[in-house]
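Listing of entry.cif, mmCIF, C-alpha atoms and all ligand atoms
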```
data_data
#
loop_
_atom_site.label_atom_id
_atom_site.label_comp_id
_atom_site.auth_asym_id
_atom_site.auth_seq_id
_atom_site.Cartn_x
_atom_site.Cartn_y
_atom_site.Cartn_z
CA MET M 1 29.89 -0.37 2.14
CA GLU M 2 32.06 1.46 -0.35
CA PHE M 3 30.74 4.31 -2.50
CA PRO M 4 30.14 4.74 -5.36
CA LEU M 5 28.16 1.54 -5.07
CA GLU M 6 27.03 -0.30 -8.16
CA THR M 7 23.85 -2.35 -7.85
CA GLU M 8 20.89 -3.26 -10.05
CA ALA M 9 17.25 -2.30 -10.21
CA LEU M 10 14.06 -2.69 -12.25
CA VAL M 11 14.35 0.75 -13.85
CA VAL M 12 11.35 2.01 -15.85
CA MET M 13 13.07 3.79 -18.74
CA ALA M 14 9.95 4.77 -20.74
CA PRO M 15 6.17 4.34 -20.25
CA GLY M 16 5.25 0.66 -20.61
CA ALA M 17 8.81 -0.48 -21.44
CA PRO M 18 9.49 -4.03 -20.23
CA PHE M 19 10.86 -4.39 -16.71
CA THR M 20 14.58 -5.20 -17.06
CA LEU M 21 17.29 -5.41 -14.45
CA THR M 22 19.55 -2.44 -15.11
CA PRO M 23 22.84 -1.46 -13.43
CA VAL M 24 22.50 1.68 -11.27
CA VAL M 25 25.01 3.58 -9.16
CA ILE M 26 24.54 5.07 -5.69
CA ASP M 27 27.25 7.70 -5.26
CA GLU M 28 26.84 8.43 -1.57
CA LEU M 29 24.59 8.00 1.44
CA ARG M 30 23.21 11.29 2.78
CA PRO M 31 23.07 11.91 6.56
CA ASP M 32 19.28 11.36 6.64
CA GLU M 33 19.29 8.14 4.61
CA VAL M 34 19.56 4.45 5.42
CA LEU M 35 21.15 2.00 2.98
CA VAL M 36 18.97 -1.10 2.69
CA GLU M 37 19.75 -4.34 0.89
CA MET M 38 16.35 -5.57 -0.28
CA LYS M 39 15.29 -9.15 0.26
CA TYR M 40 11.66 -8.79 -0.82
CA SER M 41 9.27 -6.25 -2.22
CA GLY M 42 5.52 -6.49 -2.50
CA LEU M 43 4.01 -5.61 -5.86
CA CYS M 44 1.20 -3.04 -5.65
CA HIS M 45 -1.02 -1.55 -8.37
CA THR M 46 0.62 1.83 -7.82
CA ASP M 47 3.90 0.31 -9.07
CA LEU M 48 2.10 -0.49 -12.30
CA LEU M 49 1.07 3.17 -12.59
CA VAL M 50 4.77 4.07 -12.43
CA HIS M 51 5.41 1.48 -15.12
CA LYS M 52 2.70 3.01 -17.32
CA GLY M 53 4.12 6.49 -16.76
CA ALA M 54 0.71 7.49 -15.38
CA LEU M 55 1.99 9.60 -12.47
CA PRO M 56 2.71 13.05 -13.93
CA ILE M 57 4.83 14.13 -10.93
CA LEU M 58 7.19 11.17 -11.38
CA GLU M 59 9.56 11.67 -14.29
CA LEU M 60 11.22 8.66 -15.87
CA PRO M 61 13.59 6.90 -15.61
CA ALA M 62 12.39 5.76 -12.22
CA ILE M 63 12.53 2.75 -9.94
CA PRO M 64 9.13 1.63 -8.55
CA GLY M 65 8.59 -0.47 -5.43
CA HIS M 66 7.16 0.72 -2.14
CA GLU M 67 6.71 -2.40 0.00
CA GLY M 68 10.35 -3.20 0.62
CA ALA M 69 11.81 -5.51 3.24
CA GLY M 70 15.50 -6.06 3.79
CA ILE M 71 18.62 -5.55 5.88
CA ILE M 72 20.26 -2.28 6.93
CA ARG M 73 23.77 -2.05 5.44
CA ALA M 74 24.66 1.54 6.46
CA ILE M 75 23.10 4.37 8.46
CA GLY M 76 23.47 8.10 7.74
CA SER M 77 25.15 10.21 10.43
CA GLU M 78 22.01 12.23 11.28
CA VAL M 79 19.32 9.54 11.18
CA ARG M 80 17.06 10.38 14.11
CA ASP M 81 16.13 6.85 15.17
CA ARG M 82 19.27 6.03 17.16
CA SER M 83 18.00 2.54 17.91
CA LEU M 84 18.63 1.37 14.34
CA SER M 85 21.75 -0.74 13.72
CA VAL M 86 23.55 -2.12 10.71
CA GLY M 87 22.29 -5.68 10.19
CA ASP M 88 18.74 -4.95 11.43
CA TYR M 89 15.90 -6.51 9.45
CA VAL M 90 13.46 -3.82 8.39
CA LEU M 91 10.17 -3.22 6.62
CA LEU M 92 9.74 -0.05 4.57
CA SER M 93 6.67 2.18 4.50
CA PHE M 94 5.88 5.64 3.12
CA THR M 95 7.98 8.74 3.79
CA VAL M 96 7.09 12.12 5.34
CA CYS M 97 8.77 15.49 5.86
CA GLY M 98 9.17 14.97 9.61
CA LYS M 99 8.89 18.73 10.23
CA CYS M 100 5.31 19.91 9.69
CA ALA M 101 2.63 20.15 12.41
CA PRO M 102 0.87 16.85 11.52
CA CYS M 103 4.27 15.07 11.48
CA SER M 104 5.09 16.43 14.94
CA GLU M 105 1.72 15.09 16.13
CA LYS M 106 2.53 11.67 14.62
CA ARG M 107 -0.34 12.06 12.14
CA LEU M 108 2.01 10.99 9.38
CA THR M 109 -0.51 10.37 6.62
CA LYS M 110 -1.58 14.02 7.03
CA CYS M 111 1.98 15.31 6.39
CA VAL M 112 1.58 18.45 4.28
CA ALA M 113 4.21 17.16 1.82
CA HIS M 114 2.91 13.57 1.70
CA THR M 115 1.84 13.38 -1.94
CA ARG M 116 4.82 15.29 -3.31
CA LEU M 117 7.45 13.41 -1.29
CA ASN M 118 6.11 9.92 -1.95
CA PHE M 119 5.54 10.34 -5.67
CA GLN M 120 8.24 12.79 -6.76
CA SER M 121 10.81 10.26 -5.55
CA THR M 122 13.74 12.63 -5.14
CA ARG M 123 15.76 13.61 -2.08
CA GLN M 124 14.10 15.95 0.40
CA SER M 125 17.17 18.11 0.90
CA ASP M 126 17.91 19.25 -2.64
CA GLY M 127 15.66 17.37 -5.08
CA SER M 128 18.55 15.28 -6.41
CA THR M 129 18.25 11.54 -6.99
CA SER M 130 20.00 8.96 -4.84
CA ALA M 131 20.77 6.74 -7.86
CA ARG M 132 21.89 7.22 -11.44
CA LEU M 133 22.52 5.14 -14.51
CA ARG M 134 26.15 4.31 -15.37
CA ASP M 135 26.17 7.13 -17.96
CA GLY M 136 25.20 9.65 -15.28
CA THR M 137 21.47 9.95 -16.10
CA PRO M 138 19.60 10.63 -12.82
CA VAL M 139 17.04 7.97 -11.83
CA ARG M 140 14.10 8.77 -9.56
CA SER M 141 14.98 6.31 -6.83
CA GLN M 142 13.07 7.22 -3.68
CA PHE M 143 9.53 6.25 -4.70
CA PHE M 144 7.66 6.34 -1.38
CA GLY M 145 11.11 7.17 0.01
CA GLN M 146 12.43 3.72 -0.89
CA SER M 147 12.19 2.48 -4.55
CA SER M 148 12.39 -1.11 -3.37
CA PHE M 149 12.62 -2.67 -6.85
CA ALA M 150 16.37 -2.24 -6.38
CA ARG M 151 18.82 -4.73 -4.91
CA VAL M 152 20.22 -1.94 -2.73
CA SER M 153 18.56 1.43 -2.14
CA ALA M 154 19.35 4.62 -0.20
CA VAL M 155 16.02 5.10 1.56
CA GLN M 156 14.66 8.04 3.52
CA GLU M 157 14.88 7.50 7.26
CA HIS M 158 11.14 7.92 7.88
CA CYS M 159 10.33 4.76 5.88
CA VAL M 160 12.13 2.35 8.15
CA VAL M 161 10.32 0.08 10.65
CA ARG M 162 12.30 -2.66 12.38
CA CYS M 163 11.04 -6.24 11.86
CA PRO M 164 11.78 -8.65 14.71
CA TYR M 165 10.91 -11.70 12.58
CA PRO M 166 13.64 -12.15 9.93
CA ASP M 167 12.09 -15.42 8.74
CA GLU M 168 8.83 -13.70 7.89
CA LEU M 169 10.20 -10.78 5.84
CA ALA M 170 8.48 -12.00 2.66
CA LEU M 171 5.06 -12.18 4.28
CA TYR M 172 5.42 -8.89 6.10
CA SER M 173 6.86 -6.78 3.26
CA PRO M 174 3.38 -5.62 2.07
CA MET M 175 2.62 -4.25 5.54
CA GLY M 176 4.22 -0.95 4.48
CA CYS M 177 1.46 -0.11 1.97
CA GLY M 178 -1.33 -2.48 0.93
CA PHE M 179 -2.00 -4.25 4.20
CA GLN M 180 -1.84 -1.21 6.45
CA THR M 181 -4.01 0.76 4.00
CA GLY M 182 -6.88 -1.73 4.14
CA ALA M 183 -6.58 -2.80 7.77
CA GLY M 184 -5.84 0.72 9.05
CA THR M 185 -8.96 2.10 7.39
CA VAL M 186 -11.12 -0.30 9.38
CA LEU M 187 -9.16 -0.39 12.66
CA ASN M 188 -7.92 3.22 12.89
CA ILE M 189 -10.75 5.26 11.33
CA LEU M 190 -14.05 3.43 10.73
CA LYS M 191 -13.88 1.41 13.96
CA PRO M 192 -17.12 -0.52 13.32
CA LYS M 193 -18.86 -2.50 16.05
CA GLU M 194 -19.94 -6.16 15.91
CA TYR M 195 -23.54 -5.20 15.07
CA HIS M 196 -22.49 -3.17 12.00
CA SER M 197 -22.36 -4.08 8.32
CA ILE M 198 -19.57 -3.22 5.90
CA VAL M 199 -19.23 -3.49 2.12
CA ILE M 200 -15.78 -3.79 0.60
CA PHE M 201 -15.40 -2.96 -3.09
CA GLY M 202 -12.39 -4.53 -4.82
CA ILE M 203 -10.83 -7.72 -3.46
CA GLY M 204 -7.17 -7.00 -4.12
CA SER M 205 -4.62 -6.84 -1.33
CA VAL M 206 -6.04 -3.60 0.11
CA GLY M 207 -9.62 -4.90 0.04
CA CYS M 208 -8.52 -8.23 1.53
CA ALA M 209 -6.73 -6.44 4.37
CA ALA M 210 -9.87 -4.41 5.09
CA LEU M 211 -11.90 -7.63 5.01
CA MET M 212 -9.53 -9.45 7.38
CA ALA M 213 -9.72 -6.51 9.79
CA ALA M 214 -13.54 -6.55 9.63
CA ALA M 215 -13.55 -10.32 10.22
CA HIS M 216 -11.20 -9.81 13.17
CA LEU M 217 -13.77 -7.41 14.64
CA GLN M 218 -16.47 -10.03 13.96
CA LEU M 219 -18.84 -7.73 12.12
CA LYS M 220 -22.36 -9.01 11.59
CA GLN M 221 -22.25 -8.55 7.81
CA ILE M 222 -19.17 -8.32 5.60
CA VAL M 223 -20.06 -8.00 1.92
CA ALA M 224 -17.29 -8.39 -0.68
CA VAL M 225 -17.87 -6.92 -4.15
CA ASP M 226 -15.70 -7.67 -7.18
CA ILE M 227 -16.04 -8.71 -10.81
CA VAL M 228 -13.78 -11.79 -10.55
CA ASP M 229 -15.36 -14.90 -9.01
CA ARG M 230 -11.97 -16.31 -8.01
CA LYS M 231 -11.40 -13.28 -5.78
CA LEU M 232 -14.86 -13.59 -4.25
CA ASN M 233 -14.01 -17.20 -3.30
CA ILE M 234 -10.94 -15.91 -1.48
CA ALA M 235 -13.10 -13.26 0.20
CA ARG M 236 -15.34 -16.01 1.60
CA GLN M 237 -12.27 -17.84 2.95
CA LEU M 238 -11.19 -14.63 4.68
CA GLY M 239 -14.54 -14.14 6.41
CA ALA M 240 -16.93 -12.42 3.98
CA THR M 241 -20.51 -13.28 4.94
CA HIS M 242 -21.85 -12.28 1.49
CA THR M 243 -20.27 -11.80 -1.92
CA LEU M 244 -21.52 -9.94 -4.97
CA ASN M 245 -20.17 -10.22 -8.49
CA SER M 246 -21.16 -6.75 -9.69
CA SER M 247 -20.58 -7.33 -13.40
CA GLY M 248 -23.96 -7.31 -15.11
CA VAL M 249 -25.82 -6.18 -11.98
CA GLU M 250 -28.18 -3.40 -13.01
CA SER M 251 -28.14 -1.45 -9.74
CA VAL M 252 -25.33 -2.40 -7.38
CA ALA M 253 -26.58 0.16 -4.84
CA GLU M 254 -30.03 -1.44 -4.83
CA GLU M 255 -28.60 -4.94 -4.51
CA LEU M 256 -26.52 -3.82 -1.53
CA ARG M 257 -29.54 -2.22 0.10
CA ARG M 258 -31.35 -5.54 -0.30
CA ILE M 259 -28.47 -7.61 1.17
CA THR M 260 -27.90 -5.28 4.11
CA ASN M 261 -31.53 -4.44 4.74
CA GLY M 262 -31.41 -0.73 3.86
CA GLY M 263 -27.74 -0.11 3.07
CA PRO M 264 -24.51 -0.79 4.94
CA ASN M 265 -23.23 1.18 7.92
CA PHE M 266 -19.77 1.31 6.34
CA ALA M 267 -18.33 0.91 2.86
CA VAL M 268 -14.79 0.97 1.52
CA ASP M 269 -13.65 1.34 -2.08
CA SER M 270 -10.19 0.04 -2.92
CA THR M 271 -10.66 0.12 -6.71
CA GLY M 272 -10.44 3.87 -7.35
CA VAL M 273 -12.91 3.37 -10.22
CA PRO M 274 -15.19 6.45 -10.29
CA ARG M 275 -18.35 4.42 -11.11
CA VAL M 276 -17.66 2.09 -8.20
CA ILE M 277 -17.22 5.06 -5.87
CA GLU M 278 -20.62 6.35 -7.04
CA GLN M 279 -22.17 2.95 -6.30
CA MET M 280 -20.54 2.94 -2.87
CA VAL M 281 -21.83 6.37 -1.84
CA GLY M 282 -25.23 5.79 -3.44
CA GLY M 283 -25.77 2.44 -1.72
CA LEU M 284 -24.76 3.53 1.77
CA GLY M 285 -27.33 3.24 4.56
CA PHE M 286 -28.72 6.08 6.69
CA GLY M 287 -25.94 7.71 8.71
CA GLY M 288 -23.38 5.48 7.03
CA THR M 289 -19.75 6.21 6.26
CA ALA M 290 -18.02 5.50 2.95
CA ALA M 291 -14.25 5.63 2.53
CA SER M 292 -12.28 6.02 -0.66
CA ILE M 293 -8.95 4.25 -0.12
CA GLY M 294 -7.82 3.32 -3.66
CA ALA M 295 -6.33 6.00 -5.90
CA PRO M 296 -8.74 7.21 -8.62
CA PRO M 297 -7.29 8.28 -11.99
CA VAL M 298 -6.03 11.88 -12.00
CA GLY M 299 -8.74 14.23 -13.31
CA SER M 300 -11.65 11.78 -12.88
CA LYS M 301 -14.99 12.93 -11.48
CA ILE M 302 -17.97 11.32 -9.75
CA GLN M 303 -21.64 12.24 -9.74
CA MET M 304 -23.55 12.29 -6.52
CA ASP M 305 -27.15 13.03 -5.57
CA VAL M 306 -26.22 15.56 -2.91
CA ALA M 307 -29.75 15.99 -1.57
CA SER M 308 -30.16 12.29 -0.77
CA PHE M 309 -26.58 12.27 0.54
CA PHE M 310 -27.47 15.14 2.86
CA TYR M 311 -30.86 13.88 4.05
CA ALA M 312 -29.48 10.39 4.65
CA ASN M 313 -26.77 11.96 6.82
CA LYS M 314 -23.98 10.11 5.00
CA ASN M 315 -20.25 10.60 5.36
CA PHE M 316 -17.67 10.25 2.62
CA LEU M 317 -13.97 10.12 3.55
CA SER M 318 -10.64 9.88 1.81
CA ILE M 319 -8.22 7.76 3.83
CA ILE M 320 -4.56 7.50 2.87
CA GLU M 321 -2.44 4.52 3.97
CA GLY M 322 -5.08 3.56 6.54
CA ASP M 323 -4.24 6.70 8.54
CA SER M 324 -1.58 4.57 10.14
CA TYR M 325 1.48 5.46 12.16
CA PRO M 326 3.71 2.69 10.77
CA PRO M 327 6.19 2.45 13.69
CA THR M 328 3.38 1.23 15.96
CA PHE M 329 0.65 0.06 13.57
CA ILE M 330 2.83 -2.36 11.54
CA PRO M 331 3.92 -4.19 14.72
CA GLU M 332 0.24 -4.35 15.76
CA LEU M 333 -0.66 -6.01 12.45
CA ILE M 334 2.27 -8.42 12.82
CA ASP M 335 0.96 -9.37 16.27
CA LEU M 336 -2.52 -9.93 14.83
CA HIS M 337 -1.05 -12.20 12.15
CA ARG M 338 0.86 -14.20 14.75
CA GLN M 339 -2.37 -14.67 16.70
CA GLY M 340 -4.00 -16.06 13.55
CA ARG M 341 -6.32 -13.06 13.24
CA PHE M 342 -4.82 -11.49 10.10
CA PRO M 343 -4.23 -14.46 7.75
CA ILE M 344 -2.13 -12.75 5.08
CA ASP M 345 -0.38 -16.04 4.28
CA LYS M 346 -3.56 -17.01 2.40
CA ILE M 347 -3.07 -14.26 -0.19
CA CYS M 348 0.72 -13.86 -0.68
CA LYS M 349 2.84 -15.66 -3.28
CA VAL M 350 6.61 -15.20 -3.67
CA TYR M 351 8.24 -14.89 -7.12
CA PRO M 352 11.93 -14.48 -7.98
CA ILE M 353 12.54 -10.91 -9.15
CA LYS M 354 13.26 -12.08 -12.71
CA ASP M 355 9.67 -13.36 -12.92
CA ILE M 356 8.08 -9.96 -12.36
CA ASP M 357 6.13 -10.22 -15.63
CA VAL M 358 4.56 -13.49 -14.44
CA ALA M 359 3.73 -11.86 -11.09
CA VAL M 360 2.07 -8.89 -12.83
CA ALA M 361 0.08 -11.16 -15.15
CA GLU M 362 -1.13 -13.40 -12.32
CA MET M 363 -2.10 -10.38 -10.19
CA LYS M 364 -4.02 -8.81 -13.09
CA ALA M 365 -5.83 -12.09 -13.78
CA GLY M 366 -6.87 -12.35 -10.14
CA GLU M 367 -4.96 -15.62 -9.72
CA VAL M 368 -2.83 -14.11 -6.99
CA ILE M 369 -3.85 -11.32 -4.66
CA LYS M 370 -0.46 -10.17 -3.42
CA PRO M 371 2.71 -11.07 -5.31
CA VAL M 372 5.95 -10.58 -3.38
CA LEU M 373 9.18 -10.33 -5.38
CA GLU M 374 12.30 -11.94 -3.97
CA TRP M 375 15.83 -10.66 -4.60
CA THR M 376 17.52 -13.98 -5.27
ZN ZN M 401 5.28 16.42 7.39
ZN ZN M 402 0.78 0.62 -2.62
#
```
Encoding of this model in structure tokens:
Amino acid sequence: MEFPLETEALVVMAPGAPFTLTPVVIDELRPDEVLVEMKYSGLCHTDLLVHKGALPILELPAIPGHEGAGIIRAIGSEVRDRSLSVGDYVLLSFTVCGKCAPCSEKRLTKCVAHTRLNFQSTRQSDGSTSARLRDGTPVRSQFFGQSSFARVSAVQEHCVVRCPYPDELALYSPMGCGFQTGAGTVLNILKPKEYHSIVIFGIGSVGCAALMAAAHLQLKQIVAVDIVDRKLNIARQLGATHTLNSSGVESVAEELRRITNGGPNFAVDSTGVPRVIEQMVGGLGFGGTAASIGAPPVGSKIQMDVASFFYANKNFLSIIEGDSYPPTFIPELIDLHRQGRFPIDKICKVYPIKDIDVAVAEMKAGEVIKPVLEWT
């Protein structure tokens, strides 16, 4: 491909400004970057935080999108994965520094630069941006290393995972964030046994992925909690043994103790809502483990009865991106789907990119769990 390359992207120019396709220019491909032509991108709540301008580290204008799937169009001269070729179909996940101790141990979600790199959305080498507007204004264009709400993007090499199923790119695009976050939490960290109970708060794509993983492990009790009945119906279809609409429930913790006969062994919060996190930790059973896996608002606090937490021998974890190592975990999830044990097709709906506002509205209303945008 010839540079400078003109393409288009859903650039967020100002907080809350409507999503509009805007021409952007990529001047060059750096040695550690891969040029990807997007075919699909999942829509995640974190993209809406970019749209609201709610991520202080991410200056606007910026291009959201962090569940990209597409085709490699060029490869930088120093990209370390020599097995990648132009024309490969790929899924995109988060980025890392590739140099720190956790990175060298393949504990990628523990990369010391994880938060800065994924949210700052600039190049690792010099902090520049890989894209600009026609008038020269820099655009933050490596959100999670990829900014996949662009027709073509120069992505950081660490994001790229090859996808051997070109026909399933749409369905597999959310593997890079939402699906691996929920499923990885259950399969990589909590590792519950069949005789355990789990409560999942928030039945969005992350909560659904956690639920599907729990159903795959055939847990005795899987309790789905949300405030939208439509989502709880989906939870039942995905294997929830109990559902709880928590709106109007006086004590959610008490209700969960009743359902699970003393409190669950495991609980996962995908909402990031501080009050829900309090309910999760408060309602946990003796020796239980709670995991916070949805981003809470910056600066928010929770209250906790630390004495009862201590005497009940509880655990409370923060788990980022399901603690997954995408190059091996995403293929594992794809295999599970192909065996019929990770039925993501029940929750995905594809929209043409121009209909992003419809996709956002339907996701917010709980009509669709995981919208996937298609570059038509
Ligand atoms: Zn690192
Ligand atoms: Zn996400």
Please identify every residue of chain M that has at least one atom no farther than 9 Å from an atom of ligand ZN 401 (chain M), counting only C-alpha atoms and all ligand atoms, and for each give the shortest atom pair and the distance in Å to one decimal, arranged by chain then increasing number, as a tab-separated table.
```
residue	atom	partner	partner_atom	distance
M:Thr95	CA	M:ZN401	ZN	8.9
M:Val96	CA	M:ZN401	ZN	5.1
M:Cys97	CA	M:ZN401	ZN	3.9
M:Gly98	CA	M:ZN401	ZN	4.7
M:Lys99	CA	M:ZN401	ZN	5.1
M:Cys100	CA	M:ZN401	ZN	4.2
M:Ala101	CA	M:ZN401	ZN	6.8
M:Pro102	CA	M:ZN401	ZN	6.1
M:Cys103	CA	M:ZN401	ZN	4.4
M:Ser104	CA	M:ZN401	ZN	7.6
M:Arg107	CA	M:ZN401	ZN	8.6
M:Leu108	CA	M:ZN401	ZN	6.6
M:Thr109	CA	M:ZN401	ZN	8.4
M:Lys110	CA	M:ZN401	ZN	7.3
M:Cys111	CA	M:ZN401	ZN	3.6
M:Val112	CA	M:ZN401	ZN	5.2
M:Ala113	CA	M:ZN401	ZN	5.7
M:His114	CA	M:ZN401	ZN	6.8
```
Take every atom of stretch 156-174 of chain M listed in the file, fit an axis-aligned box around them, add 3 Å per side, and give the centre and edge lengths in Å to one decimal as AutoDock Vina command-line options.
```
--center_x 9.1 --center_y -3.7 --center_z 8.4 --size_x 17.5 --size_y 29.5 --size_z 18.6
```
Contacts to ligand ZN 402 (chain M) at 12 Å cut-off (all atoms listed in the file) as a PyMOL selection string: chain M and resi 41-50+64-68+92-94+118-119+143-144+147-148+173-182+204-206+270+293-295+320-322+370
Just want the 9 Å neighbourhood of M:Leu211, counted on only C-alpha atoms, with same-chain residues fewer than 4 positions away dropped. Output as a PDB file with C-alpha atoms, keeping the file's coordinate frame.
```
ATOM      1  CA  GLY M 182      -6.880  -1.730   4.140  1.00  0.00           C
ATOM      2  CA  ALA M 183      -6.580  -2.800   7.770  1.00  0.00           C
ATOM      3  CA  VAL M 186     -11.120  -0.300   9.380  1.00  0.00           C
ATOM      4  CA  ILE M 198     -19.570  -3.220   5.900  1.00  0.00           C
ATOM      5  CA  VAL M 199     -19.230  -3.490   2.120  1.00  0.00           C
ATOM      6  CA  ILE M 200     -15.780  -3.790   0.600  1.00  0.00           C
ATOM      7  CA  ILE M 203     -10.830  -7.720  -3.460  1.00  0.00           C
ATOM      8  CA  VAL M 206      -6.040  -3.600   0.110  1.00  0.00           C
ATOM      9  CA  GLY M 207      -9.620  -4.900   0.040  1.00  0.00           C
ATOM     10  CA  ALA M 215     -13.550 -10.320  10.220  1.00  0.00           C
ATOM     11  CA  HIS M 216     -11.200  -9.810  13.170  1.00  0.00           C
ATOM     12  CA  ILE M 222     -19.170  -8.320   5.600  1.00  0.00           C
ATOM     13  CA  VAL M 223     -20.060  -8.000   1.920  1.00  0.00           C
ATOM     14  CA  ALA M 224     -17.290  -8.390  -0.680  1.00  0.00           C
ATOM     15  CA  ALA M 235     -13.100 -13.260   0.200  1.00  0.00           C
ATOM     16  CA  LEU M 238     -11.190 -14.630   4.680  1.00  0.00           C
ATOM     17  CA  GLY M 239     -14.540 -14.140   6.410  1.00  0.00           C
ATOM     18  CA  ALA M 240     -16.930 -12.420   3.980  1.00  0.00           C
TER      19      ALA M 240
END
```
Measuring between all atoms listed in the file, which one of M:Ala361, M:Leu187, M:Leu10, M:Leu84 shows the shortest distance to M:Cys163?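 Result for the nearest residue to M:Cys163: M:Leu84.
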Residues near stretch 249-252 of chain M, anyone? I mean within 9 Å using all atoms listed in the file, not counting same-chain ones fewer than 4 positions away, as a list in words.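 Within the cut-off, the hits are Leu244, Asn245, Leu256, Arg257, Val276, Gln279, Met280 and Gly283 of chain M.
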Distance atom CA of M:Leu58-atom CA of M:Arg116, one decimal place?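 Going from atom CA of M:Leu58 over to atom CA of M:Arg116 covers 9.4 Å.
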Which residues come within 9 Å of M:Ala291, counting all atoms listed in the file, excluding same-chain residues fewer than 4 positions away, as a ChimeraX atom specification? /M:185,190,266-270,277,280-281,315-319
When distances are computed from all atoms listed in the file, which of M:Lys220, M:His51, M:Lys354, M:Arg73 shows the smallest separation from M:Pro264?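 Using all atoms listed in the file, the shortest distance to M:Pro264 belongs to M:Lys220.
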Just the residues within 6 Å of M:Met38, please, counting only C-alpha atoms, with nothing from its chain fewer than 3 positions along; format it as a PyMOL selection string. chain M and resi 69-70+151-152
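One distance worth recording is that between atom CA of M:Gln218 and atom CA of M:Gly285, which is 19.6 Å.
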Return the single residue from M:Val155, M:Val12, M:Ala131, M:Leu21 that is closest to M:Lys52, with distances computed using only C-alpha atoms. M:Val12
Atom pair atom CA of M:Tyr172 / atom CA of M:Thr243: separation (Å):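 Between these atoms lies a distance of 27.1 Å.
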For a cut-off of 6 Å around (28.1, 3.2, -9.6), file coordinates, pick out all residues using all atoms listed in the file and list them as a ChimeraX atom specification. /M:4-6,25-26
Shell around M:Ala154 at 10 Å using all atoms listed in the file, local window under 2 positions removed, as a PyMOL selection string: chain M and resi 26-30+32-37+72-76+123+129-131+141-142+145-148+150+152+156-157
